[in-house]
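Shown next: final-v2.cif, containing mmCIF, C-alpha atoms.
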data_protein
#
loop_
_atom_site.label_atom_id
_atom_site.label_comp_id
_atom_site.auth_asym_id
_atom_site.auth_seq_id
_atom_site.Cartn_x
_atom_site.Cartn_y
_atom_site.Cartn_z
CA MET L 93 -22.94 2.06 1.19
CA ASP L 94 -24.12 3.41 -2.16
CA ALA L 95 -21.28 3.69 -4.67
CA THR L 96 -23.42 5.80 -7.01
CA THR L 97 -23.86 8.42 -4.30
CA ILE L 98 -20.20 8.24 -3.28
CA ARG L 99 -19.12 8.95 -6.86
CA LYS L 100 -20.57 12.46 -6.54
CA ASP L 101 -17.68 13.27 -4.19
CA PHE L 102 -15.14 12.49 -6.94
CA PRO L 103 -15.41 15.07 -9.77
CA ILE L 104 -12.83 13.32 -11.94
CA LEU L 105 -15.16 10.35 -12.36
CA ASP L 106 -17.53 12.56 -14.36
CA ARG L 107 -14.99 13.30 -17.05
CA ALA L 108 -14.69 11.60 -20.42
CA VAL L 109 -11.62 10.11 -22.10
CA HIS L 110 -11.44 9.61 -25.85
CA GLY L 111 -15.06 10.71 -26.03
CA ARG L 112 -16.25 8.00 -23.64
CA PRO L 113 -17.23 8.08 -19.96
CA LEU L 114 -14.25 7.30 -17.76
CA VAL L 115 -14.22 3.88 -16.12
CA TYR L 116 -11.38 4.08 -13.64
CA LEU L 117 -10.06 0.64 -12.71
CA ASP L 118 -6.54 1.49 -11.57
CA SER L 119 -6.99 2.26 -7.87
CA ALA L 120 -4.33 -0.27 -6.87
CA ALA L 121 -1.83 2.14 -8.44
CA THR L 122 -3.43 5.40 -7.28
CA SER L 123 -6.95 5.96 -6.01
CA GLN L 124 -9.00 9.01 -6.85
CA THR L 125 -9.42 11.83 -4.34
CA PRO L 126 -12.73 13.12 -2.94
CA ASN L 127 -13.64 16.76 -2.53
CA ALA L 128 -13.24 16.47 1.25
CA VAL L 129 -9.51 15.86 0.86
CA THR L 130 -8.74 18.61 -1.63
CA GLU L 131 -10.89 21.04 0.36
CA ALA L 132 -9.04 20.24 3.60
CA MET L 133 -5.69 20.88 1.91
CA THR L 134 -6.96 24.11 0.38
CA ARG L 135 -8.20 25.30 3.79
CA TYR L 136 -4.77 24.63 5.25
CA TYR L 137 -3.12 26.81 2.60
CA GLU L 138 -5.76 29.52 2.87
CA GLU L 139 -6.10 29.57 6.66
CA ALA L 140 -3.02 28.12 8.38
CA ASN L 141 -0.07 27.99 6.00
CA ALA L 142 2.99 27.95 8.26
CA ASN L 143 5.68 25.56 9.39
CA VAL L 144 4.97 23.19 12.26
CA HIS L 145 6.54 22.75 15.71
CA ARG L 146 8.79 25.80 15.28
CA GLY L 147 6.83 29.01 15.59
CA VAL L 148 4.93 30.65 18.43
CA HIS L 149 2.65 32.74 16.24
CA ALA L 150 -0.98 31.84 15.64
CA LEU L 151 -0.54 30.37 12.14
CA ALA L 152 2.30 28.10 13.24
CA GLU L 153 0.31 26.84 16.21
CA GLU L 154 -2.74 26.18 14.05
CA ALA L 155 -0.66 24.40 11.40
CA THR L 156 0.86 22.22 14.12
CA GLU L 157 -2.57 21.43 15.50
CA ARG L 158 -3.83 20.32 12.09
CA TYR L 159 -0.69 18.29 11.39
CA GLU L 160 -0.67 16.51 14.74
CA GLY L 161 -4.45 16.07 14.61
CA ALA L 162 -4.00 14.16 11.36
CA ARG L 163 -1.37 11.96 13.00
CA ALA L 164 -3.74 11.10 15.85
CA ARG L 165 -6.61 10.24 13.50
CA ILE L 166 -4.41 8.07 11.29
CA ALA L 167 -3.10 6.26 14.38
CA ARG L 168 -6.67 5.44 15.47
CA PHE L 169 -7.51 4.28 11.95
CA VAL L 170 -4.89 1.51 12.08
CA GLY L 171 -4.91 0.86 15.82
CA ALA L 172 -1.47 2.37 16.44
CA ASP L 173 0.19 4.49 19.10
CA PRO L 174 0.55 8.07 17.72
CA ARG L 175 4.14 8.09 19.00
CA GLY L 176 4.86 5.35 16.50
CA VAL L 177 3.30 7.08 13.48
CA VAL L 178 6.04 8.48 11.26
CA PHE L 179 5.09 10.51 8.20
CA THR L 180 7.15 9.55 5.15
CA LYS L 181 6.75 10.46 1.51
CA ASN L 182 5.43 6.98 0.65
CA ALA L 183 5.45 3.37 1.83
CA THR L 184 8.74 2.83 0.01
CA GLU L 185 10.49 5.32 2.25
CA GLY L 186 9.11 3.49 5.29
CA PHE L 187 10.71 0.23 4.16
CA ASN L 188 13.99 2.00 3.46
CA LEU L 189 13.94 3.53 6.94
CA LEU L 190 13.51 0.11 8.53
CA ALA L 191 16.10 -1.48 6.25
CA TYR L 192 18.84 1.05 6.93
CA SER L 193 18.10 1.93 10.56
CA TYR L 194 17.06 -1.52 11.78
CA ALA L 195 18.07 -4.41 9.52
CA ARG L 196 21.47 -3.03 8.54
CA ARG L 197 22.44 -2.73 12.22
CA ARG L 198 20.54 -5.55 13.89
CA LEU L 199 20.86 -8.42 11.41
CA GLY L 200 24.11 -10.10 10.50
CA PRO L 201 25.77 -13.34 9.42
CA GLY L 202 23.69 -16.33 10.47
CA ASP L 203 20.45 -14.35 10.51
CA VAL L 204 17.67 -14.76 7.95
CA LEU L 205 15.31 -12.13 6.65
CA LEU L 206 12.28 -14.03 5.37
CA SER L 207 10.14 -12.50 2.65
CA THR L 208 7.82 -13.84 -0.05
CA GLU L 209 7.75 -14.11 -3.82
CA MET L 210 4.63 -11.93 -4.05
CA GLU L 211 6.20 -8.76 -2.63
CA HIS L 212 6.26 -5.35 -4.30
CA HIS L 213 9.75 -4.12 -5.17
CA ALA L 214 9.41 -1.55 -2.37
CA ASN L 215 9.44 -4.45 0.09
CA LEU L 216 12.27 -6.28 -1.66
CA VAL L 217 14.96 -3.91 -2.89
CA PRO L 218 15.69 -2.00 0.37
CA TRP L 219 16.38 -5.25 2.21
CA GLN L 220 18.54 -6.54 -0.64
CA LEU L 221 20.63 -3.36 -0.57
CA VAL L 222 21.43 -3.55 3.12
CA ALA L 223 21.98 -7.32 3.12
CA GLU L 224 25.11 -6.73 1.03
CA ASP L 225 26.61 -4.74 3.91
CA ALA L 226 25.16 -6.55 6.91
CA GLY L 227 25.80 -10.09 5.69
CA PHE L 228 22.42 -11.61 6.53
CA GLU L 229 20.61 -14.04 4.23
CA ILE L 230 17.31 -13.34 2.49
CA ARG L 231 15.01 -16.26 1.84
CA TYR L 232 11.59 -16.29 0.14
CA VAL L 233 8.33 -18.14 0.64
CA PRO L 234 7.02 -19.46 -2.71
CA VAL L 235 3.54 -18.74 -4.08
CA SER L 236 1.24 -21.59 -5.09
CA ALA L 237 -0.56 -21.89 -8.41
CA GLU L 238 -3.68 -20.65 -6.61
CA GLY L 239 -1.91 -17.47 -5.56
CA GLU L 240 -1.46 -18.40 -1.90
CA LEU L 241 1.72 -18.54 0.18
CA ASP L 242 3.25 -21.98 0.57
CA ARG L 243 2.61 -22.42 4.29
CA GLU L 244 4.65 -25.63 4.49
CA THR L 245 7.76 -23.87 3.25
CA PHE L 246 7.05 -20.90 5.48
CA SER L 247 6.80 -23.09 8.56
CA ALA L 248 9.98 -24.95 7.66
CA GLU L 249 11.90 -21.69 7.31
CA VAL L 250 10.57 -20.31 10.58
CA ALA L 251 11.28 -23.55 12.47
CA THR L 252 15.02 -23.10 11.90
CA GLY L 253 15.00 -20.29 14.47
CA ARG L 254 17.14 -18.16 12.15
CA VAL L 255 14.38 -15.82 10.98
CA LYS L 256 15.07 -12.51 12.72
CA LEU L 257 12.89 -10.39 10.44
CA PHE L 258 9.82 -11.44 8.48
CA THR L 259 8.24 -9.05 6.01
CA VAL L 260 5.05 -9.71 4.08
CA THR L 261 2.34 -7.92 2.16
CA ALA L 262 -1.09 -8.04 3.76
CA MET L 263 -2.64 -7.96 0.28
CA SER L 264 -0.89 -8.66 -3.02
CA ASN L 265 -1.00 -5.82 -5.53
CA VAL L 266 -0.97 -8.40 -8.35
CA LEU L 267 -2.97 -11.39 -7.14
CA GLY L 268 -5.30 -9.69 -4.68
CA THR L 269 -4.35 -12.40 -2.17
CA ILE L 270 -5.11 -11.50 1.45
CA ASN L 271 -2.44 -13.07 3.63
CA PRO L 272 -3.22 -14.25 7.20
CA VAL L 273 -0.73 -11.85 8.73
CA ASP L 274 -1.80 -12.53 12.31
CA GLU L 275 -1.17 -16.27 11.93
CA LEU L 276 2.15 -15.77 10.18
CA ALA L 277 3.38 -13.23 12.73
CA ALA L 278 2.42 -15.48 15.65
CA GLU L 279 4.35 -18.40 14.17
CA VAL L 280 7.44 -16.27 13.58
CA LYS L 281 7.44 -14.89 17.11
CA ALA L 282 6.78 -18.29 18.67
CA ALA L 283 9.93 -19.60 16.99
CA ARG L 284 12.10 -16.63 17.93
CA SER L 285 11.12 -14.11 20.59
CA ASP L 286 13.30 -11.29 19.23
CA ALA L 287 11.99 -11.60 15.67
CA VAL L 288 10.47 -8.50 14.08
CA VAL L 289 7.49 -8.60 11.71
CA VAL L 290 7.07 -5.89 9.08
CA VAL L 291 3.85 -5.62 7.05
CA ASP L 292 3.25 -3.96 3.70
CA GLY L 293 -0.20 -2.43 4.07
CA ALA L 294 -0.19 -0.34 0.90
CA GLN L 295 -2.98 -2.44 -0.63
CA SER L 296 -4.76 -3.63 2.51
CA VAL L 297 -5.14 -0.45 4.59
CA PRO L 298 -7.31 1.29 1.94
CA HIS L 299 -9.64 -1.70 1.62
CA LEU L 300 -9.79 -3.65 4.88
CA PRO L 301 -10.37 -2.81 8.54
CA THR L 302 -6.85 -2.64 9.98
CA ASP L 303 -5.52 -3.12 13.49
CA VAL L 304 -1.75 -3.34 13.58
CA THR L 305 -1.89 -4.71 17.13
CA ALA L 306 -4.20 -7.55 16.03
CA PHE L 307 -1.76 -8.24 13.21
CA GLY L 308 0.91 -8.92 15.81
CA ALA L 309 3.22 -6.79 13.68
CA ASP L 310 6.05 -4.57 14.83
CA ALA L 311 5.75 -2.20 11.86
CA LEU L 312 3.31 -1.39 9.06
CA CYS L 313 3.93 0.75 5.97
CA PHE L 314 1.28 2.29 3.72
CA SER L 315 0.76 5.15 1.26
CA GLY L 316 -1.73 8.00 1.22
CA HIS L 317 -2.37 8.06 -2.51
CA LYS L 318 -3.86 4.54 -2.53
CA MET L 319 -6.43 5.39 0.16
CA LEU L 320 -8.11 8.53 -1.26
CA GLY L 321 -5.34 10.80 0.02
CA PRO L 322 -2.77 12.97 -1.77
CA THR L 323 0.48 11.84 -3.31
CA GLY L 324 3.75 12.58 -1.54
CA ILE L 325 2.83 11.15 1.85
CA GLY L 326 3.04 7.73 3.41
CA VAL L 327 3.06 6.30 6.91
CA LEU L 328 5.39 4.03 8.81
CA THR L 329 3.71 2.98 12.02
CA ALA L 330 5.85 0.97 14.40
CA LYS L 331 6.06 0.12 18.05
CA PRO L 332 7.50 3.22 19.75
CA GLU L 333 10.06 1.14 21.61
CA LEU L 334 11.37 -0.21 18.30
CA LEU L 335 11.75 3.31 16.90
CA GLU L 336 13.41 4.49 20.10
CA SER L 337 15.99 1.71 19.83
CA ILE L 338 17.26 2.55 16.34
CA PRO L 339 19.12 5.56 14.90
CA PRO L 340 17.58 8.18 12.59
CA PHE L 341 17.36 7.49 8.90
CA LEU L 342 17.69 11.09 7.69
CA GLY L 343 19.46 13.97 9.40
CA GLY L 344 18.74 17.69 9.51
CA GLY L 345 16.30 19.97 11.21
CA GLU L 346 13.37 18.93 13.40
CA MET L 347 14.80 15.50 14.20
CA ILE L 348 17.38 16.87 16.62
CA SER L 349 17.40 17.60 20.33
CA ASN L 350 20.73 19.40 20.28
CA VAL L 351 23.54 19.95 17.80
CA THR L 352 27.17 20.87 18.42
CA LEU L 353 30.12 20.88 16.06
CA GLU L 354 31.06 17.53 17.54
CA GLY L 355 27.73 15.77 17.06
CA ALA L 356 24.03 15.70 17.79
CA THR L 357 21.42 14.23 20.06
CA PHE L 358 18.02 13.39 18.71
CA ASN L 359 14.39 14.27 19.23
CA GLU L 360 11.83 11.91 20.70
CA VAL L 361 9.84 9.62 18.45
CA PRO L 362 8.24 10.00 16.00
CA TYR L 363 9.99 13.32 15.31
CA LYS L 364 13.42 11.64 15.31
CA PHE L 365 12.47 10.25 11.89
CA GLU L 366 10.90 13.38 10.37
CA ALA L 367 13.87 15.45 9.26
CA GLY L 368 13.18 18.82 7.69
CA THR L 369 9.88 20.47 6.90
CA PRO L 370 7.35 17.64 6.73
CA PRO L 371 4.53 17.18 4.18
CA ILE L 372 2.11 19.30 6.21
CA ALA L 373 -0.67 19.87 3.67
CA GLU L 374 -0.41 16.25 2.59
CA ALA L 375 -0.78 15.05 6.18
CA VAL L 376 -3.85 17.23 6.55
CA GLY L 377 -5.20 15.71 3.33
CA LEU L 378 -4.50 12.17 4.49
CA GLY L 379 -6.24 12.93 7.78
CA ALA L 380 -9.28 14.05 5.78
CA ALA L 381 -9.12 10.86 3.71
CA VAL L 382 -9.16 8.79 6.90
CA ASP L 383 -12.15 10.78 8.14
CA TYR L 384 -13.92 10.11 4.83
CA LEU L 385 -13.27 6.37 5.05
CA ASP L 386 -14.29 6.31 8.70
CA GLY L 387 -17.53 8.04 7.75
CA ILE L 388 -18.36 5.22 5.35
CA GLY L 389 -16.96 2.48 7.58
CA MET L 390 -14.25 0.07 6.50
CA GLU L 391 -16.54 -2.90 7.03
CA ALA L 392 -18.90 -1.34 4.48
CA VAL L 393 -16.02 -0.70 2.07
CA ARG L 394 -14.97 -4.33 2.34
CA ALA L 395 -18.53 -5.61 1.91
CA HIS L 396 -18.95 -3.51 -1.23
CA GLU L 397 -15.72 -4.85 -2.70
CA VAL L 398 -16.63 -8.45 -1.88
CA SER L 399 -19.85 -7.96 -3.84
CA LEU L 400 -17.80 -6.70 -6.77
CA ILE L 401 -15.35 -9.62 -6.52
CA GLU L 402 -18.23 -12.08 -6.56
CA ALA L 403 -19.46 -10.47 -9.77
CA VAL L 404 -16.15 -9.82 -11.53
CA LEU L 405 -14.74 -13.36 -11.31
CA PRO L 406 -17.66 -15.12 -13.05
CA ALA L 407 -17.95 -12.27 -15.57
CA LEU L 408 -14.32 -12.65 -16.63
CA ASP L 409 -14.67 -16.42 -16.61
CA GLN L 410 -17.29 -16.06 -19.38
CA VAL L 411 -14.81 -14.33 -21.71
CA ASP L 412 -13.01 -16.81 -23.94
CA GLY L 413 -9.23 -16.74 -23.62
CA VAL L 414 -9.11 -14.82 -20.31
CA THR L 415 -7.17 -16.21 -17.34
CA VAL L 416 -7.41 -14.47 -13.96
CA HIS L 417 -4.58 -14.92 -11.49
CA GLY L 418 -5.09 -15.26 -7.75
CA PRO L 419 -7.57 -16.86 -5.34
CA THR L 420 -11.11 -17.58 -6.50
CA ASP L 421 -12.60 -17.26 -3.00
CA ALA L 422 -13.81 -13.69 -2.46
CA SER L 423 -13.10 -13.92 1.27
CA ARG L 424 -9.41 -14.53 0.54
CA ARG L 425 -8.78 -11.77 -1.96
CA GLY L 426 -9.19 -8.08 -2.66
CA ALA L 427 -10.82 -6.46 -5.68
CA THR L 428 -7.62 -6.43 -7.73
CA PHE L 429 -7.62 -8.67 -10.78
CA SER L 430 -4.54 -9.43 -12.85
CA PHE L 431 -5.45 -11.26 -16.01
CA ALA L 432 -4.07 -12.53 -19.29
CA VAL L 433 -5.83 -12.65 -22.63
CA GLU L 434 -4.65 -15.43 -24.91
CA GLY L 435 -2.76 -14.15 -27.93
CA LEU L 436 -2.45 -10.55 -26.67
CA HIS L 437 0.27 -8.57 -24.92
CA PRO L 438 -0.88 -6.69 -21.78
CA HIS L 439 0.34 -3.36 -23.16
CA ASP L 440 -1.77 -3.82 -26.28
CA ILE L 441 -4.76 -4.70 -24.10
CA GLY L 442 -4.28 -1.62 -21.95
CA THR L 443 -3.94 0.66 -24.96
CA ILE L 444 -7.12 -0.51 -26.68
CA MET L 445 -9.09 -0.61 -23.44
CA ASP L 446 -8.09 3.01 -22.86
CA ARG L 447 -9.66 3.89 -26.21
CA GLU L 448 -12.82 2.30 -24.84
CA GLY L 449 -12.66 4.62 -21.83
CA VAL L 450 -11.49 1.92 -19.38
CA ALA L 451 -8.35 2.75 -17.38
CA VAL L 452 -6.44 -0.39 -16.34
CA ARG L 453 -2.78 -1.03 -15.59
CA ALA L 454 -0.51 -3.11 -17.82
CA GLY L 455 2.99 -4.15 -16.81
CA HIS L 456 4.94 -6.00 -14.13
CA HIS L 457 3.32 -3.97 -11.32
CA CYS L 458 6.67 -3.58 -9.52
CA ALA L 459 6.60 -7.30 -8.80
CA LYS L 460 9.00 -8.87 -11.29
CA PRO L 461 9.83 -11.96 -9.20
CA LEU L 462 6.13 -12.78 -9.03
CA MET L 463 5.76 -12.21 -12.77
CA ARG L 464 8.49 -14.78 -13.36
CA GLN L 465 6.69 -17.23 -11.09
CA LEU L 466 3.52 -16.65 -13.15
CA GLY L 467 5.50 -17.32 -16.32
CA SER L 468 4.75 -13.93 -17.85
CA PRO L 469 6.66 -10.63 -18.16
CA ALA L 470 3.48 -8.68 -17.46
CA THR L 471 -0.26 -8.81 -16.85
CA THR L 472 -3.21 -6.51 -17.29
CA ARG L 473 -4.69 -5.42 -13.97
CA ALA L 474 -8.14 -4.05 -13.18
CA SER L 475 -8.57 -2.81 -9.62
CA PHE L 476 -11.82 -1.66 -8.03
CA TYR L 477 -12.56 0.59 -5.06
CA LEU L 478 -15.47 2.01 -3.12
CA TYR L 479 -16.57 4.28 -5.99
CA ASN L 480 -16.82 1.53 -8.61
CA THR L 481 -20.22 0.17 -9.59
CA PRO L 482 -21.49 -3.13 -11.08
CA ASP L 483 -22.04 -1.33 -14.40
CA GLU L 484 -18.28 -0.89 -14.64
CA ILE L 485 -17.83 -4.65 -14.56
CA ASP L 486 -19.85 -4.78 -17.78
CA ALA L 487 -17.66 -2.00 -19.18
CA LEU L 488 -14.54 -4.01 -18.33
CA VAL L 489 -15.85 -7.13 -20.07
CA ASP L 490 -17.02 -5.14 -23.09
CA ALA L 491 -13.60 -3.48 -23.38
CA ILE L 492 -11.79 -6.84 -23.27
CA ARG L 493 -14.05 -8.18 -26.02
CA ALA L 494 -13.53 -5.00 -28.04
CA THR L 495 -9.79 -5.53 -27.74
CA GLN L 496 -10.09 -9.11 -28.95
CA ARG L 497 -12.11 -7.93 -31.94
CA PHE L 498 -9.56 -5.19 -32.69
CA PHE L 499 -6.78 -7.77 -32.90
CA ASP L 500 -9.05 -10.34 -34.54
CA ILE L 501 -8.62 -12.79 -31.68
#

Show this structure as C-alpha cells.
Amino acid sequence: MDATTIRKDFPILDRAVHGRPLVYLDSAATSQTPNAVTEAMTRYYEEANANVHRGVHALAEEATERYEGARARIARFVGADPRGVVFTKNATEGFNLLAYSYARRRLGPGDVLLSTEMEHHANLVPWQLVAEDAGFEIRYVPVSAEGELDRETFSAEVATGRVKLFTVTAMSNVLGTINPVDELAAEVKAARSDAVVVVDGAQSVPHLPTDVTAFGADALCFSGHKMLGPTGIGVLTAKPELLESIPPFLGGGEMISNVTLEGATFNEVPYKFEAGTPPIAEAVGLGAAVDYLDGIGMEAVRAHEVSLIEAVLPALDQVDGVTVHGPTDASRRGATFSFAVEGLHPHDIGTIMDREGVAVRAGHHCAKPLMRQLGSPATTRASFYLYNTPDEIDALVDAIRATQRFFDI
C-alpha cells in the first residue's frame, strides 16, 4: 500500500494548524475519515433517509437494506455471525451491556472476573460497578517492565478454576502491546469449561486482521471512530447463543416481540439489544469504512504499520531524555507509542508539539491503573495509522526536540 496515495482520500490531512502542515498522530484516540465514508452517509440522507425495520414504503425498505448490509459486512470483517453483531454507540456501551446483562446475573460469590492492569477504563469500570451488586471478585494480571502481561501470574489465577469471566485488550492503547488472545482464551477455557472470554478490540480491529472465532473469544467490542468510521457507533459481537441466554440491556421500541401492560417478550438477537431508533447513518458509514479497509487489505495495513514501528523506535531512541514504554519487538506491538521526556510534563509536550503542527495525545489515556504501574500520572502518546508516512516520523522527532529547546532542556 502507498500511504501517500491513501492520504488523498482524507481531506483533513491537507489542512494546516498554527500555520504548519498538520501531522496527525492521534489515531488511537480517533482516526480520520475518508471520503468514501462521508459520501456513503450523505447518500443515505439524500437517497434513503427513513427508519429501519418498521415501514413498508420504499425508503424504509432501502434504509433497512443499507443498515443490515452494513451489519453483514462488519460481521465478515471480524469473522462473526451477523446474528451476534449488535450495534452500540461505542465499545464502552458494549462492555456495559455484558456487565449488566451477563456478569451481574451469572457471576456471584466465589467467582472471579480476571482482568489486567493494562485495560482501558471502559473495560474496567463497568465490571467494577456490577461486582458491588453481584458479589464476585475482580483480580488483575500485572504488567511487566517490558509492557507484557505476567503470564506466570495469569496461569496461577486461571489454575484456581474460579475464573468465570476473563476480559483483556487485544492491543494496549498505551503500550501498543499485542496480547496473545488465542493462547490466553484457550488456557481459561481449559481450566473452566463455562468460562467466558471478552476481548477489547478497540485498538486491534482497526490495525490487525481479526477473526473472533480464531481468538476463541465469546465476545468482542470495538468502536467505529478508531477504524476510519464515524463517531457514535460501536459494535459488540458475541456468540448468538450467549446473547440469547441473557436479558436485554435497554428497553423500548424495536427490541420487543410483544408488550402488554403486564410485561413484554423480546425480539430475536441481535435486535433484542438495539432498543429505539438505531444509529442508521453511522452504521452505513462504518460499513463503508470496513469496505475501505478491505479494499486495502488488513495484512497490508499491518505491514505498513510494522515498517513505521521499525523506524519510529530507533528514531526516538536517538533523542536524549526520551523513554518509550512498551515492547521493543515490532511483531509484538502496534504503532502506538507512549513516551516520557525527562524534565517535561506530558501536557507541556503536547502543547508545544501542537504549535509545531504535530497532533499527539497527552494524559492518562483512560488507563489510570496502568499509569500508576508506570510510575507516572500521564504520558505523551503518538499513534500512527495507514495514512501516516515516514516523513511524519521526522516531524515527530523534530517537534520533540523543538519542545526541549523551548523549555531549555

Open item on the list: Can you translate the PyMOL selection byres ((chain L and resi 398) around 10) into the concrete residues it hits in this file, as a count of residues only?
Closed with: 19

TODO: Could you tell me which residues the PyMOL selection byres ((chain L and resi 341-355) around 6) grabs in this file, written as a list in words?
DONE: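 What the PyMOL selection byres ((chain L and resi 341-355) around 6) grabs from the file is Leu189, Ser193, Pro340, Ala356, Thr357, Phe358, Asn359, Tyr363, Lys364, Glu366, Ala367 and Gly368 of chain L.
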
Task: Test item: residues at most 7 Å from Phe476 of chain L, only C-alpha atoms, excluding those fewer than 3 positions along its chain, as a list in words - done: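 My list of contacting residues is Leu117, Ser119, Ala427, Thr428 and Asn480 of chain L.
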
Given the selection you just returned, output its residues as a file containing C-alpha atoms, formatted as a CSV table (one decimal), keeping the file's coordinate frame.
chain,number,residue,atom,x,y,z
L,117,LEU,CA,-10.1,0.6,-12.7
L,119,SER,CA,-7.0,2.3,-7.9
L,427,ALA,CA,-10.8,-6.5,-5.7
L,428,THR,CA,-7.6,-6.4,-7.7
L,480,ASN,CA,-16.8,1.5,-8.6

- [ ] Measuring atom to atom with all atoms listed in the file, identify which of L:Ala142, L:Val414, L:Ala214, L:Val376 is nearest to Gly435 of chain L.
- [x]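 Looking only at the distances to Gly435 of chain L, the closest residue turns out to be L:Val414.
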
Segment 393-404 of chain L, all listed atoms, 6 Å padding on each side: what axis-aligned box centre and edge lengths in Å to one decimal come out, as lines of an AutoDock Vina configuration file?
center_x = -17.4
center_y = -6.4
center_z = -4.6
size_x = 16.9
size_y = 23.4
size_z = 25.9

Mind telling me what the PyMOL selection byres ((chain L and resi 165) around 12) catches here, as an mmCIF file with C-alpha atoms, in the coordinates of the input?
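Once written, expr.cif looks like this:
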data_model
loop_
_atom_site.group_PDB
_atom_site.id
_atom_site.type_symbol
_atom_site.label_atom_id
_atom_site.label_comp_id
_atom_site.auth_asym_id
_atom_site.auth_seq_id
_atom_site.Cartn_x
_atom_site.Cartn_y
_atom_site.Cartn_z
ATOM 1 C CA ARG L 158 -3.830 20.320 12.090
ATOM 2 C CA TYR L 159 -0.690 18.290 11.390
ATOM 3 C CA GLU L 160 -0.670 16.510 14.740
ATOM 4 C CA GLY L 161 -4.450 16.070 14.610
ATOM 5 C CA ALA L 162 -4.000 14.160 11.360
ATOM 6 C CA ARG L 163 -1.370 11.960 13.000
ATOM 7 C CA ALA L 164 -3.740 11.100 15.850
ATOM 8 C CA ILE L 166 -4.410 8.070 11.290
ATOM 9 C CA ALA L 167 -3.100 6.260 14.380
ATOM 10 C CA ARG L 168 -6.670 5.440 15.470
ATOM 11 C CA PHE L 169 -7.510 4.280 11.950
ATOM 12 C CA VAL L 170 -4.890 1.510 12.080
ATOM 13 C CA GLY L 171 -4.910 0.860 15.820
ATOM 14 C CA ALA L 172 -1.470 2.370 16.440
ATOM 15 C CA ASP L 173 0.190 4.490 19.100
ATOM 16 C CA PRO L 174 0.550 8.070 17.720
ATOM 17 C CA VAL L 177 3.300 7.080 13.480
ATOM 18 C CA ALA L 375 -0.780 15.050 6.180
ATOM 19 C CA VAL L 376 -3.850 17.230 6.550
ATOM 20 C CA GLY L 377 -5.200 15.710 3.330
ATOM 21 C CA LEU L 378 -4.500 12.170 4.490
ATOM 22 C CA GLY L 379 -6.240 12.930 7.780
ATOM 23 C CA ALA L 380 -9.280 14.050 5.780
ATOM 24 C CA ALA L 381 -9.120 10.860 3.710
ATOM 25 C CA VAL L 382 -9.160 8.790 6.900
ATOM 26 C CA ASP L 383 -12.150 10.780 8.140
ATOM 27 C CA TYR L 384 -13.920 10.110 4.830
ATOM 28 C CA LEU L 385 -13.270 6.370 5.050
ATOM 29 C CA ASP L 386 -14.290 6.310 8.700
#

Task: Contacts of Phe187 of chain L within 7 Å, all atoms listed in the file, excl. fewer than 4 positions in-chain, as a list in words - done: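 The filter keeps Ala183, Ala191, Ala214, Asn215 and Pro218 of chain L.
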
Report as a Markdown table: every residue of segment 383-484 of chain L with an atom at most 7 Å from segment 94-99 of chain L, its closest pair of atoms, and their distance in Å to one decimal, counting only C-alpha atoms, with rows sorted by chain and ascending residue number.
| residue | atom | partner | partner_atom | distance |
| --- | --- | --- | --- | --- |
| L:Leu478 | CA | L:Ala95 | CA | 6.2 |
| L:Tyr479 | CA | L:Ala95 | CA | 4.9 |
| L:Asn480 | CA | L:Ala95 | CA | 6.3 |
| L:Thr481 | CA | L:Ala95 | CA | 6.1 |

Task: Of the listed residues L:Pro482, L:Pro201, L:Gly308, L:Pro406, that which approaches Ala278 of chain L most closely, counting only C-alpha atoms - done: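 Ranking L:Pro482, L:Pro201, L:Gly308, L:Pro406 by distance to Ala278 of chain L, first place goes to L:Gly308.
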
Task: Selected residue, from L:Val450, L:Ala121, L:Val233, L:Leu300, that lies nearest to Gly389 of chain L when counting only C-alpha atoms - done: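 Closest to Gly389 of chain L of all the choices is L:Leu300.
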
- [ ] Find the distance between atom CA of Ile104 of chain L and atom CA of Leu408 of chain L and write it in Å to one decimal.
- [x]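 Separation of atom CA of Ile104 of chain L and atom CA of Leu408 of chain L: 26.4 Å.
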
TODO: Mind checking which residues fall within 9 Å of segment 283-289 of chain L, counting all atoms listed in the file, ignoring those fewer than 3 positions away in the same chain, and posting them as a list in words?
DONE: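 Listed by chain and then number, they are Val250, Ala251, Thr252, Gly253, Arg254, Val255, Lys256, Leu257, Phe258, Thr259, Val260, Ala277, Ala278, Glu279, Val280, Gly308, Ala309, Asp310, Ala311 and Leu312 of chain L.
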
Open item on the list: Just the number, please: distance in Å from atom CA of Leu221 of chain L to atom CA of Val290 of chain L, one decimal.
Closed with: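 The value is 16.8 Å.
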
Open item on the list: Measuring between all atoms listed in the file, which one of L:Gly418, L:Gly387, L:Ala108, L:Tyr477 shows the shortest distance to Glu448 of chain L?
Closed with: L:Ala108

Task: Counting all atoms listed in the file, the option among L:Ala120, L:Glu434, L:Gly467, L:Thr180 closest to Ile501 of chain L - done: L:Glu434

TODO: May I ask for the distance between atom CA of Asp412 of chain L and atom CA of Gly442 of chain L, given in Å to one decimal place?
DONE: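 Between these atoms lies a distance of 17.6 Å.
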
Open item on the list: Taking 3 positions as the minimum chain separation for residues in the same chain, which residues sit within 12 Å of Val411 of chain L when counting all atoms listed in the file? Answer as a PyMOL selection string.
Closed with: chain L and resi 404-408+414-416+431-434+486+488-496+501

For the selection just defined, write its residues with C-alpha atoms to a file, as a compact mmCIF listing (two decimals), in the coordinates of the input.
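Heads up, here's the output in part.txt:
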# COMPACT_ATOMS: atom_id res chain seq x y z
CA VAL L 404 -16.15 -9.82 -11.53
CA LEU L 405 -14.74 -13.36 -11.31
CA PRO L 406 -17.66 -15.12 -13.05
CA ALA L 407 -17.95 -12.27 -15.57
CA LEU L 408 -14.32 -12.65 -16.63
CA VAL L 414 -9.11 -14.82 -20.31
CA THR L 415 -7.17 -16.21 -17.34
CA VAL L 416 -7.41 -14.47 -13.96
CA PHE L 431 -5.45 -11.26 -16.01
CA ALA L 432 -4.07 -12.53 -19.29
CA VAL L 433 -5.83 -12.65 -22.63
CA GLU L 434 -4.65 -15.43 -24.91
CA ASP L 486 -19.85 -4.78 -17.78
CA LEU L 488 -14.54 -4.01 -18.33
CA VAL L 489 -15.85 -7.13 -20.07
CA ASP L 490 -17.02 -5.14 -23.09
CA ALA L 491 -13.60 -3.48 -23.38
CA ILE L 492 -11.79 -6.84 -23.27
CA ARG L 493 -14.05 -8.18 -26.02
CA ALA L 494 -13.53 -5.00 -28.04
CA THR L 495 -9.79 -5.53 -27.74
CA GLN L 496 -10.09 -9.11 -28.95
CA ILE L 501 -8.62 -12.79 -31.68
